[in-house]
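Asker: Structure supplied as coords.cif; contents: mmCIF, C-alpha atoms and all ligand atoms.
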```cif
data_final
loop_
_atom_site.label_atom_id
_atom_site.label_comp_id
_atom_site.auth_asym_id
_atom_site.auth_seq_id
_atom_site.Cartn_x
_atom_site.Cartn_y
_atom_site.Cartn_z
CA MET A 279 -101.29 16.96 -52.95
CA THR A 280 -99.53 20.16 -51.91
CA ARG A 281 -101.06 22.93 -49.82
CA ASP A 282 -101.32 25.21 -52.89
CA GLU A 283 -103.04 22.44 -54.88
CA LEU A 284 -105.50 21.87 -52.03
CA ILE A 285 -106.34 25.57 -51.81
CA HIS A 286 -106.75 25.66 -55.60
CA GLN A 287 -109.22 22.75 -55.47
CA ILE A 288 -111.20 24.46 -52.69
CA LYS A 289 -111.49 27.58 -54.85
CA ILE A 290 -112.47 25.85 -58.07
CA LYS A 291 -114.91 23.44 -56.45
CA ARG A 292 -116.15 26.12 -54.02
CA SER A 293 -116.11 23.46 -51.38
CA PHE A 294 -114.06 22.29 -48.42
CA LEU A 295 -116.07 19.13 -47.97
CA CYS A 296 -114.44 15.84 -47.03
CA VAL A 297 -116.66 12.81 -47.57
CA GLY A 298 -116.12 10.03 -45.05
CA LEU A 299 -116.12 6.46 -46.34
CA ASP A 300 -116.97 4.48 -43.19
CA THR A 301 -118.51 1.65 -45.10
CA ASP A 302 -120.22 -0.95 -42.96
CA ILE A 303 -121.43 -4.05 -44.80
CA ASN A 304 -124.40 -4.18 -42.40
CA GLN A 305 -125.57 -0.71 -43.36
CA ILE A 306 -125.23 -0.65 -47.12
CA PRO A 307 -128.26 -1.22 -49.35
CA MET A 308 -129.29 -4.87 -49.65
CA HIS A 309 -129.20 -4.88 -53.44
CA LEU A 310 -125.41 -4.34 -53.38
CA LEU A 311 -124.82 -7.59 -51.56
CA ASP A 312 -125.03 -9.43 -54.90
CA HIS A 313 -121.78 -7.76 -55.99
CA GLU A 314 -118.48 -9.57 -55.63
CA ASP A 315 -117.18 -6.78 -53.37
CA PRO A 316 -120.23 -4.91 -51.99
CA VAL A 317 -118.13 -2.49 -49.92
CA PHE A 318 -116.12 -1.42 -52.95
CA GLU A 319 -119.24 -1.14 -55.12
CA PHE A 320 -120.88 1.08 -52.49
CA ASN A 321 -117.77 3.29 -52.30
CA ARG A 322 -117.51 3.43 -56.08
CA GLN A 323 -121.03 4.73 -56.46
CA ILE A 324 -120.66 7.21 -53.55
CA ILE A 325 -117.42 8.56 -55.07
CA GLU A 326 -118.96 8.84 -58.53
CA ALA A 327 -121.93 10.74 -57.08
CA THR A 328 -119.93 13.20 -54.97
CA ALA A 329 -116.54 13.75 -56.65
CA ASP A 330 -117.33 17.21 -58.04
CA LEU A 331 -118.71 18.43 -54.69
CA CYS A 332 -115.83 17.61 -52.35
CA VAL A 333 -112.08 18.09 -52.07
CA ALA A 334 -111.22 15.09 -49.89
CA TYR A 335 -112.24 11.54 -49.05
CA LYS A 336 -111.59 9.95 -45.69
CA PRO A 337 -112.02 6.20 -45.30
CA ASN A 338 -111.94 5.30 -41.63
CA ILE A 339 -109.60 2.33 -41.56
CA ALA A 340 -111.45 0.53 -38.74
CA PHE A 341 -114.33 -0.25 -41.10
CA TYR A 342 -111.96 -2.07 -43.46
CA GLU A 343 -109.69 -3.71 -40.88
CA SER A 344 -112.76 -5.20 -39.22
CA MET A 345 -113.35 -7.27 -42.39
CA GLY A 346 -109.89 -8.85 -42.40
CA ALA A 347 -108.07 -9.46 -45.68
CA ALA A 348 -111.20 -8.77 -47.75
CA GLY A 349 -111.55 -5.37 -46.04
CA TRP A 350 -107.96 -4.39 -46.88
CA GLU A 351 -108.64 -5.38 -50.49
CA SER A 352 -111.81 -3.23 -50.58
CA LEU A 353 -109.76 -0.35 -49.13
CA ARG A 354 -106.97 -0.78 -51.69
CA LYS A 355 -109.45 -0.87 -54.58
CA THR A 356 -111.23 2.18 -53.18
CA TRP A 357 -107.98 4.11 -52.75
CA ARG A 358 -107.10 3.39 -56.38
CA ILE A 359 -110.28 5.03 -57.70
CA LEU A 360 -110.18 8.12 -55.48
CA PRO A 361 -110.10 11.14 -57.81
CA LYS A 362 -106.62 12.66 -58.16
CA ASP A 363 -108.04 16.15 -57.53
CA CYS A 364 -109.16 15.08 -54.04
CA LEU A 365 -106.98 14.65 -50.96
CA SER A 366 -107.04 11.04 -49.79
CA ILE A 367 -107.00 10.72 -46.01
CA ALA A 368 -106.47 7.44 -44.15
CA ASP A 369 -108.27 7.98 -40.86
CA ALA A 370 -106.13 5.44 -39.03
CA LYS A 371 -105.19 7.31 -35.81
CA ARG A 372 -101.81 5.59 -35.58
CA GLY A 373 -98.71 6.38 -33.50
CA ASP A 374 -96.18 4.16 -31.66
CA ILE A 375 -92.46 4.04 -30.92
CA GLY A 376 -90.40 5.31 -33.84
CA ASN A 377 -89.60 2.10 -35.73
CA THR A 378 -93.24 0.96 -35.45
CA SER A 379 -94.60 4.34 -36.56
CA ARG A 380 -92.30 4.07 -39.58
CA MET A 381 -94.07 0.82 -40.49
CA TYR A 382 -97.48 2.46 -40.07
CA ALA A 383 -96.36 5.32 -42.31
CA THR A 384 -95.10 2.80 -44.87
CA ALA A 385 -98.38 0.89 -44.74
CA PHE A 386 -100.44 3.96 -45.68
CA PHE A 387 -98.01 6.11 -47.70
CA ASP A 388 -95.72 3.77 -49.63
CA GLU A 389 -97.71 2.44 -52.55
CA GLN A 390 -94.81 0.39 -53.93
CA ARG A 391 -94.60 -1.61 -50.74
CA SER A 392 -98.15 -1.79 -49.39
CA GLY A 393 -100.39 -1.01 -52.36
CA LEU A 394 -101.69 2.10 -50.57
CA GLY A 395 -100.46 5.63 -51.23
CA PHE A 396 -102.70 7.93 -49.24
CA ASP A 397 -101.93 11.67 -49.21
CA ALA A 398 -102.59 11.99 -45.48
CA ILE A 399 -103.03 10.02 -42.29
CA THR A 400 -104.48 10.85 -38.88
CA VAL A 401 -102.03 10.33 -35.99
CA ALA A 402 -102.47 10.23 -32.21
CA PRO A 403 -99.76 12.41 -30.57
CA TYR A 404 -99.85 10.83 -27.10
CA MET A 405 -96.48 9.04 -27.51
CA GLY A 406 -94.62 12.22 -28.48
CA HIS A 407 -92.16 13.39 -31.11
CA ASP A 408 -90.56 10.07 -32.08
CA SER A 409 -94.01 8.59 -32.70
CA VAL A 410 -95.07 11.42 -35.04
CA GLN A 411 -91.84 12.21 -36.89
CA PRO A 412 -91.77 9.04 -39.04
CA PHE A 413 -95.01 10.21 -40.68
CA LEU A 414 -93.66 13.74 -41.22
CA GLN A 415 -90.51 12.35 -42.84
CA PHE A 416 -92.50 11.13 -45.86
CA GLN A 417 -92.05 13.88 -48.45
CA GLY A 418 -95.22 15.21 -50.08
CA LYS A 419 -97.51 13.63 -47.46
CA TRP A 420 -99.65 15.10 -44.69
CA THR A 421 -99.72 14.16 -41.03
CA ILE A 422 -102.97 15.08 -39.30
CA VAL A 423 -102.54 15.19 -35.53
CA LEU A 424 -105.48 14.71 -33.18
CA ALA A 425 -105.80 17.95 -31.19
CA LEU A 426 -109.35 18.38 -29.86
CA THR A 427 -111.65 15.57 -30.89
CA SER A 428 -115.41 15.69 -31.42
CA ASN A 429 -116.47 12.99 -28.93
CA THR A 430 -117.65 13.63 -25.35
CA GLY A 431 -114.58 11.79 -24.03
CA SER A 432 -112.41 14.60 -25.42
CA LEU A 433 -113.28 16.47 -22.21
CA ASP A 434 -111.63 13.75 -20.07
CA PHE A 435 -108.05 14.80 -20.87
CA GLN A 436 -107.82 17.16 -23.83
CA THR A 437 -109.27 20.25 -22.15
CA PHE A 438 -107.36 19.92 -18.86
CA ALA A 439 -104.99 22.81 -18.20
CA ASN A 440 -101.47 22.71 -16.80
CA THR A 441 -100.39 25.03 -13.95
CA GLU A 442 -99.95 27.87 -16.47
CA GLY A 443 -103.54 27.48 -17.66
CA VAL A 444 -102.63 25.93 -21.03
CA ARG A 445 -105.01 23.12 -21.98
CA LEU A 446 -103.68 19.79 -23.23
CA PHE A 447 -104.96 20.30 -26.80
CA GLU A 448 -103.24 23.70 -26.86
CA GLN A 449 -100.00 22.11 -25.62
CA VAL A 450 -100.31 19.46 -28.34
CA ILE A 451 -100.61 22.16 -31.01
CA GLN A 452 -97.80 24.31 -29.56
CA LYS A 453 -95.41 21.38 -29.41
CA THR A 454 -96.23 19.59 -32.68
CA ASN A 455 -96.10 22.92 -34.50
CA THR A 456 -92.33 22.81 -34.11
CA TRP A 457 -92.11 19.33 -35.69
CA GLY A 458 -93.85 20.15 -38.95
CA ASN A 459 -95.23 23.14 -40.83
CA PRO A 460 -98.50 24.23 -42.47
CA SER A 461 -97.49 22.38 -45.64
CA ASN A 462 -97.21 18.93 -44.06
CA LEU A 463 -99.12 19.11 -40.79
CA MET A 464 -102.83 19.52 -40.05
CA TYR A 465 -104.90 19.14 -36.89
CA VAL A 466 -108.14 17.32 -36.11
CA VAL A 467 -110.55 19.61 -34.30
CA GLY A 468 -114.13 18.46 -33.76
CA ALA A 469 -117.00 20.58 -35.09
CA THR A 470 -118.75 19.97 -31.78
CA ARG A 471 -116.10 22.14 -30.05
CA GLY A 472 -117.38 25.46 -31.52
CA GLN A 473 -115.64 28.37 -29.82
CA ALA A 474 -112.50 26.34 -29.06
CA PHE A 475 -111.62 27.05 -32.72
CA GLU A 476 -110.73 30.61 -31.63
CA SER A 477 -108.09 29.24 -29.32
CA VAL A 478 -106.91 26.66 -31.87
CA ARG A 479 -106.38 29.49 -34.36
CA LYS A 480 -104.25 31.44 -31.84
CA HIS A 481 -101.83 28.51 -31.78
CA ALA A 482 -102.20 27.36 -35.40
CA PRO A 483 -103.15 30.41 -37.48
CA ASP A 484 -102.16 28.89 -40.83
CA HIS A 485 -102.59 25.15 -40.50
CA PHE A 486 -105.42 23.30 -42.17
CA LEU A 487 -107.87 21.73 -39.72
CA LEU A 488 -109.66 18.47 -40.44
CA VAL A 489 -113.05 18.93 -38.83
CA PRO A 490 -115.29 15.91 -38.19
CA GLY A 491 -118.55 16.19 -36.28
CA ILE A 492 -121.09 17.94 -38.47
CA GLY A 493 -124.15 15.97 -39.59
CA ALA A 494 -124.67 12.91 -37.38
CA GLN A 495 -122.75 14.41 -34.42
CA GLY A 496 -124.62 17.72 -34.55
CA GLY A 497 -121.72 20.20 -34.89
CA SER A 498 -122.36 23.56 -36.53
CA LEU A 499 -120.73 24.41 -39.87
CA GLN A 500 -121.45 28.12 -39.32
CA GLU A 501 -119.67 28.12 -35.97
CA VAL A 502 -116.69 26.23 -37.38
CA CYS A 503 -116.40 28.80 -40.18
CA LYS A 504 -116.90 31.77 -37.87
CA TYR A 505 -114.05 30.80 -35.57
CA GLY A 506 -111.89 28.56 -37.74
CA MET A 507 -111.82 29.84 -41.32
CA THR A 508 -108.66 31.60 -42.54
CA ALA A 509 -107.87 33.64 -45.67
CA ASP A 510 -106.89 30.31 -47.34
CA CYS A 511 -110.02 28.62 -45.97
CA GLY A 512 -107.88 26.40 -43.72
CA LEU A 513 -110.69 23.90 -43.18
CA LEU A 514 -111.60 20.44 -44.41
CA VAL A 515 -115.00 19.68 -42.95
CA ASN A 516 -115.93 16.01 -42.90
CA ALA A 517 -119.38 14.45 -43.02
CA THR A 518 -119.84 10.71 -43.21
CA ARG A 519 -123.07 9.05 -42.06
CA SER A 520 -125.27 12.03 -43.01
CA ILE A 521 -124.05 11.62 -46.61
CA ILE A 522 -123.29 7.97 -47.24
CA TYR A 523 -126.26 6.59 -45.32
CA ALA A 524 -128.80 9.24 -46.39
CA SER A 525 -130.76 6.33 -47.90
CA ASN A 526 -130.32 2.58 -47.78
CA GLY A 527 -132.42 2.03 -50.88
CA THR A 528 -131.51 1.89 -54.56
CA ASP A 529 -131.38 5.71 -54.55
CA PHE A 530 -128.51 5.82 -52.00
CA ALA A 531 -125.99 7.45 -54.35
CA GLU A 532 -128.47 10.08 -55.52
CA ARG A 533 -129.43 10.89 -51.91
CA ALA A 534 -125.74 11.05 -50.94
CA ARG A 535 -125.24 13.56 -53.73
CA GLN A 536 -128.16 15.67 -52.49
CA GLU A 537 -126.71 15.78 -48.96
CA ALA A 538 -123.20 16.57 -50.22
CA SER A 539 -124.62 19.22 -52.51
CA ALA A 540 -126.49 20.93 -49.66
CA LEU A 541 -123.24 21.11 -47.66
CA GLN A 542 -121.28 22.34 -50.68
CA ARG A 543 -123.76 25.18 -51.21
CA GLU A 544 -123.46 26.19 -47.56
CA MET A 545 -119.66 26.06 -47.88
CA GLU A 546 -119.75 28.18 -51.02
CA ARG A 547 -121.70 30.84 -49.10
CA GLU A 548 -119.12 30.80 -46.30
CA LEU A 549 -116.22 31.05 -48.78
CA ALA A 550 -117.93 33.92 -50.59
CA ALA A 551 -118.63 35.76 -47.33
CA LYS A 552 -114.89 35.63 -46.56
CA GLY A 553 -114.00 36.78 -50.11
CA ILE A 554 -112.17 33.51 -50.87
CA VAL A 555 -114.30 32.80 -53.96
O1 LIG B 1 -112.57 13.75 -33.36
C1 LIG B 1 -112.89 12.95 -34.22
C2 LIG B 1 -111.95 12.30 -35.01
C3 LIG B 1 -112.39 11.47 -36.00
N1 LIG B 1 -113.71 11.25 -36.21
C4 LIG B 1 -114.10 10.35 -37.32
O2 LIG B 1 -114.76 11.14 -38.32
C5 LIG B 1 -115.88 10.44 -38.85
C6 LIG B 1 -117.17 11.14 -38.47
O3 LIG B 1 -118.28 10.46 -38.97
P1 LIG B 1 -119.80 11.06 -38.90
O4 LIG B 1 -120.63 9.94 -39.40
O5 LIG B 1 -119.84 12.27 -39.80
O6 LIG B 1 -120.07 11.39 -37.49
C7 LIG B 1 -115.77 9.02 -38.27
O7 LIG B 1 -114.94 8.26 -39.14
C8 LIG B 1 -115.04 9.23 -36.97
O8 LIG B 1 -114.32 8.09 -36.55
C9 LIG B 1 -114.63 11.88 -35.42
O9 LIG B 1 -115.85 11.74 -35.58
N2 LIG B 1 -114.19 12.72 -34.45
#
```
Write out the structure in this file as C-alpha cells.
Answerer:
Amino acid sequence: MTRDELIHQIKIKRSFLCVGLDTDINQIPMHLLDHEDPVFEFNRQIIEATADLCVAYKPNIAFYESMGAAGWESLRKTWRILPKDCLSIADAKRGDIGNTSRMYATAFFDEQRSGLGFDAITVAPYMGHDSVQPFLQFQGKWTIVLALTSNTGSLDFQTFANTEGVRLFEQVIQKTNTWGNPSNLMYVVGATRGQAFESVRKHAPDHFLLVPGIGAQGGSLQEVCKYGMTADCGLLVNATRSIIYASNGTDFAERARQEASALQREMERELAAKGIV
C-alpha cells in the first residue's frame, strides 16, 4: 500500500486505527478451542468485526512464533484474510547483519518464497544502516524503525543525549531519515511519550508514525494528536488488548467492535478538528 493509498483510506474510513492481533491461545474465549485452529478463528472474527473501523492490522509475531509451526500457519492464514484496504504490519522488530536482515525481509515480504507478503515490518535500528537497508530495498514495502518506544525501559537508552544534547531517539530519526523517505519509512513512537512527539515532528515532519501504547498502556490519544498529527494525519495509532480482549465470552467480537468504534469516533473528531475530513 502506497502512502497516497494509506492517506486515502484514513480519509474515507475517518480513522487511523491499527488493530493489534496479539493472539494468545490462553486468553481467547473457551468456546473457540473446539475449532481446528482457534487462533485463526479468533483473528477471523476480530477482523470481520473491525475491518470498516481501522486502516491497519498489526500481528505481533512473538505470539505466533511461540506456538511453533502451528503458530506460523495461523499467522499465514490470518495474513491471507487481512482486508486489502488495510495496511498489514508484521510487528517483528527484526534487524541483523545485512545478509541476515535480507532473509528476515524475505520471510515477511516475499510471499512467493515464504507465504507471507506483509506491507510493513517493524525493525530495530541498533545495528545500523546495513541492518536496515535490506528491508528498505523491497519496493512497495514499508520499514518501521523503532525510535522512542512506549515501555518504561525506553528511558534506559533512548532518551540519553550526546554531548550536543541530541537524544538517542532523535539521532536515530536524523540518521535513518537519510536511508529512506516518507513513502517507505515510518517510526514507532509510543503514545506514553506525549510531548516527545513535538521533538519527533521536528526531525520527521512528514513521516507516518506507528503509535502503540493507548488502551492497556494508558497513553493519551488526544496528546498524540496534539503533538503528532500532520496535515496528512501522519499517525497510525495501535490498540491491541483493549480491543481484542474486551470480552472473553461469546460476545468477544461484538465487544471488540464497540471498543474499536469508540476509538474510531474519537479519531474522526481529531481528523475533523484538523480539517483532514
Ligand atoms: O514501543 C512499542 C513497540 C511495540 N509495541 C507493541 O504494540 C502492541 C501494544 O499492545 P497493547 O495491548 O495495546 O498494549 C504490542 O504488540 C507491543 O508489543 C508496544 O507496545 N510498544
Asker: Listing only residues of chain A within 7 Å of ligand LIG 1 (chain B), what is the closest atom pair and its distance in Å (to one decimal) for each, using all atoms listed in the file, sorted by chain and residue number ascending, as a tab-separated table?
Answerer:
```
residue	atom	partner	partner_atom	distance
A:Gly298	CA	B:LIG1	C5	6.2
A:Asp300	CA	B:LIG1	O7	5.9
A:Asn338	CA	B:LIG1	O7	4.9
A:Asp369	CA	B:LIG1	O7	6.9
A:Leu426	CA	B:LIG1	O1	6.6
A:Thr427	CA	B:LIG1	O1	3.2
A:Ser428	CA	B:LIG1	O1	3.9
A:Asn429	CA	B:LIG1	O1	6.0
A:Val466	CA	B:LIG1	O1	6.3
A:Val467	CA	B:LIG1	O1	6.3
A:Gly468	CA	B:LIG1	O1	5.0
A:Pro490	CA	B:LIG1	O2	4.8
A:Gly491	CA	B:LIG1	O6	5.2
A:Ile492	CA	B:LIG1	O5	6.0
A:Gly493	CA	B:LIG1	O5	5.7
A:Ala494	CA	B:LIG1	O6	4.8
A:Gln495	CA	B:LIG1	O6	5.1
A:Asn516	CA	B:LIG1	O5	6.2
A:Ala517	CA	B:LIG1	O5	3.9
A:Thr518	CA	B:LIG1	O5	3.7
A:Arg519	CA	B:LIG1	O4	3.7
A:Ser520	CA	B:LIG1	O4	6.2
```
Asker: Which value, in Å to one decimal, gives the distance between CA of Ala469 in chain A and CA of Ala425 in chain A?
Answerer: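 Between CA of Ala469 in chain A and CA of Ala425 in chain A the gap is 12.1 Å.
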Asker: Which residues, written as a PyMOL selection string, have at least one atom at most 12 Å from Leu514 in chain A, with all atoms listed in the file counted and residues fewer than 2 positions away on the same chain left out?
Answerer: chain A and resi 284-285+287-288+293-298+332-336+364-367+422+464-469+485-492+499+502-503+506-508+510-512+516-517+542+545
Asker: CA of Ala531 in chain A to CA of Pro316 in chain A: how many Å, to one decimal?
Answerer: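 That distance, rounded to one decimal, is 13.8 Å.
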Asker: Residues of range 350-374 of chain A that have any atom at most 9 Å from an atom of range 394-408 of chain A: could you tabulate them with the shortest-distance atom pair and the distance in Å to one decimal, using all atoms listed in the file, ordered by chain and increasing number, as JSON lines?
Answerer:
```
{"residue": "A:Leu353", "atom": "CA", "partner": "A:Leu394", "partner_atom": "CA", "distance": 8.6}
{"residue": "A:Arg354", "atom": "CA", "partner": "A:Leu394", "partner_atom": "CA", "distance": 6.1}
{"residue": "A:Trp357", "atom": "CA", "partner": "A:Leu394", "partner_atom": "CA", "distance": 7.0}
{"residue": "A:Arg358", "atom": "CA", "partner": "A:Leu394", "partner_atom": "CA", "distance": 8.0}
{"residue": "A:Leu365", "atom": "CA", "partner": "A:Asp397", "partner_atom": "CA", "distance": 6.1}
{"residue": "A:Ser366", "atom": "CA", "partner": "A:Asp397", "partner_atom": "CA", "distance": 5.2}
{"residue": "A:Ile367", "atom": "CA", "partner": "A:Ala398", "partner_atom": "CA", "distance": 4.6}
{"residue": "A:Ala368", "atom": "CA", "partner": "A:Ile399", "partner_atom": "CA", "distance": 4.7}
{"residue": "A:Asp369", "atom": "CA", "partner": "A:Thr400", "partner_atom": "CA", "distance": 5.1}
{"residue": "A:Ala370", "atom": "CA", "partner": "A:Thr400", "partner_atom": "CA", "distance": 5.7}
{"residue": "A:Lys371", "atom": "CA", "partner": "A:Val401", "partner_atom": "CA", "distance": 4.4}
{"residue": "A:Arg372", "atom": "CA", "partner": "A:Val401", "partner_atom": "CA", "distance": 4.8}
{"residue": "A:Gly373", "atom": "CA", "partner": "A:Ala402", "partner_atom": "CA", "distance": 5.5}
{"residue": "A:Asp374", "atom": "CA", "partner": "A:Met405", "partner_atom": "CA", "distance": 6.4}
```
Asker: Residues within 12 Å of (-105.4, -5.5, -41.3), file coordinates, counting only C-alpha atoms: what are they? Give the list as a PDB file with C-alpha atoms, in the coordinates of the input.
Answerer:
```pdb
ATOM      1  CA  ILE A 339    -109.600   2.330 -41.560  1.00  0.00           C
ATOM      2  CA  ALA A 340    -111.450   0.530 -38.740  1.00  0.00           C
ATOM      3  CA  PHE A 341    -114.330  -0.250 -41.100  1.00  0.00           C
ATOM      4  CA  TYR A 342    -111.960  -2.070 -43.460  1.00  0.00           C
ATOM      5  CA  GLU A 343    -109.690  -3.710 -40.880  1.00  0.00           C
ATOM      6  CA  SER A 344    -112.760  -5.200 -39.220  1.00  0.00           C
ATOM      7  CA  MET A 345    -113.350  -7.270 -42.390  1.00  0.00           C
ATOM      8  CA  GLY A 346    -109.890  -8.850 -42.400  1.00  0.00           C
ATOM      9  CA  ALA A 347    -108.070  -9.460 -45.680  1.00  0.00           C
ATOM     10  CA  ALA A 348    -111.200  -8.770 -47.750  1.00  0.00           C
ATOM     11  CA  GLY A 349    -111.550  -5.370 -46.040  1.00  0.00           C
ATOM     12  CA  TRP A 350    -107.960  -4.390 -46.880  1.00  0.00           C
ATOM     13  CA  GLU A 351    -108.640  -5.380 -50.490  1.00  0.00           C
ATOM     14  CA  SER A 352    -111.810  -3.230 -50.580  1.00  0.00           C
ATOM     15  CA  LEU A 353    -109.760  -0.350 -49.130  1.00  0.00           C
ATOM     16  CA  ARG A 354    -106.970  -0.780 -51.690  1.00  0.00           C
ATOM     17  CA  ALA A 370    -106.130   5.440 -39.030  1.00  0.00           C
ATOM     18  CA  TYR A 382     -97.480   2.460 -40.070  1.00  0.00           C
ATOM     19  CA  ALA A 385     -98.380   0.890 -44.740  1.00  0.00           C
ATOM     20  CA  PHE A 386    -100.440   3.960 -45.680  1.00  0.00           C
ATOM     21  CA  SER A 392     -98.150  -1.790 -49.390  1.00  0.00           C
TER      22      SER A 392
END
```
Asker: What does the distance from CA of Phe438 in chain A to CA of Val450 in chain A come to in Å, to one decimal?
Answerer: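 Between these atoms lies a distance of 11.8 Å.
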Asker: Looking at only C-alpha atoms, which of A:Thr430, A:Gly458, A:Ala474, A:His309 is the one that sits closest to Arg445 in chain A?
Answerer: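 Counting only C-alpha atoms, the residue closest to Arg445 in chain A is A:Ala474.
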Asker: Check the smallest atom-to-atom distance from each of A:Gly472, A:Glu544, A:Glu537, A:Thr528 to Tyr505 in chain A using only C-alpha atoms, then report the winner.
Answerer: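 Smallest separation from Tyr505 in chain A among the options: A:Gly472.
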Asker: Would you please work out which residue, of A:Ser498, A:Gln323, A:Ser409, A:Gln417, is nearest to Arg471 in chain A when using only C-alpha atoms?
Answerer: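 So, comparing all the options, the nearest one is A:Ser498.
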Asker: Which is closest to Thr456 in chain A among A:Ile359, A:Ala482, A:Val515, A:Ile521, if we use all atoms listed in the file?
Answerer: A:Ala482
Asker: Which is closest to Ile522 in chain A among A:Phe447, A:Phe320, A:Phe416, A:Phe435, if we use all atoms listed in the file?
Answerer: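 Nearest to Ile522 in chain A: A:Phe320.
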Asker: I need the residue nearest Gly418 in chain A from this list: A:Gln500, A:Asn377, A:Asn462, A:Gln436. Use all atoms listed in the file for the distance.
Answerer: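 For Gly418 in chain A, the nearest of the given residues is A:Asn462.
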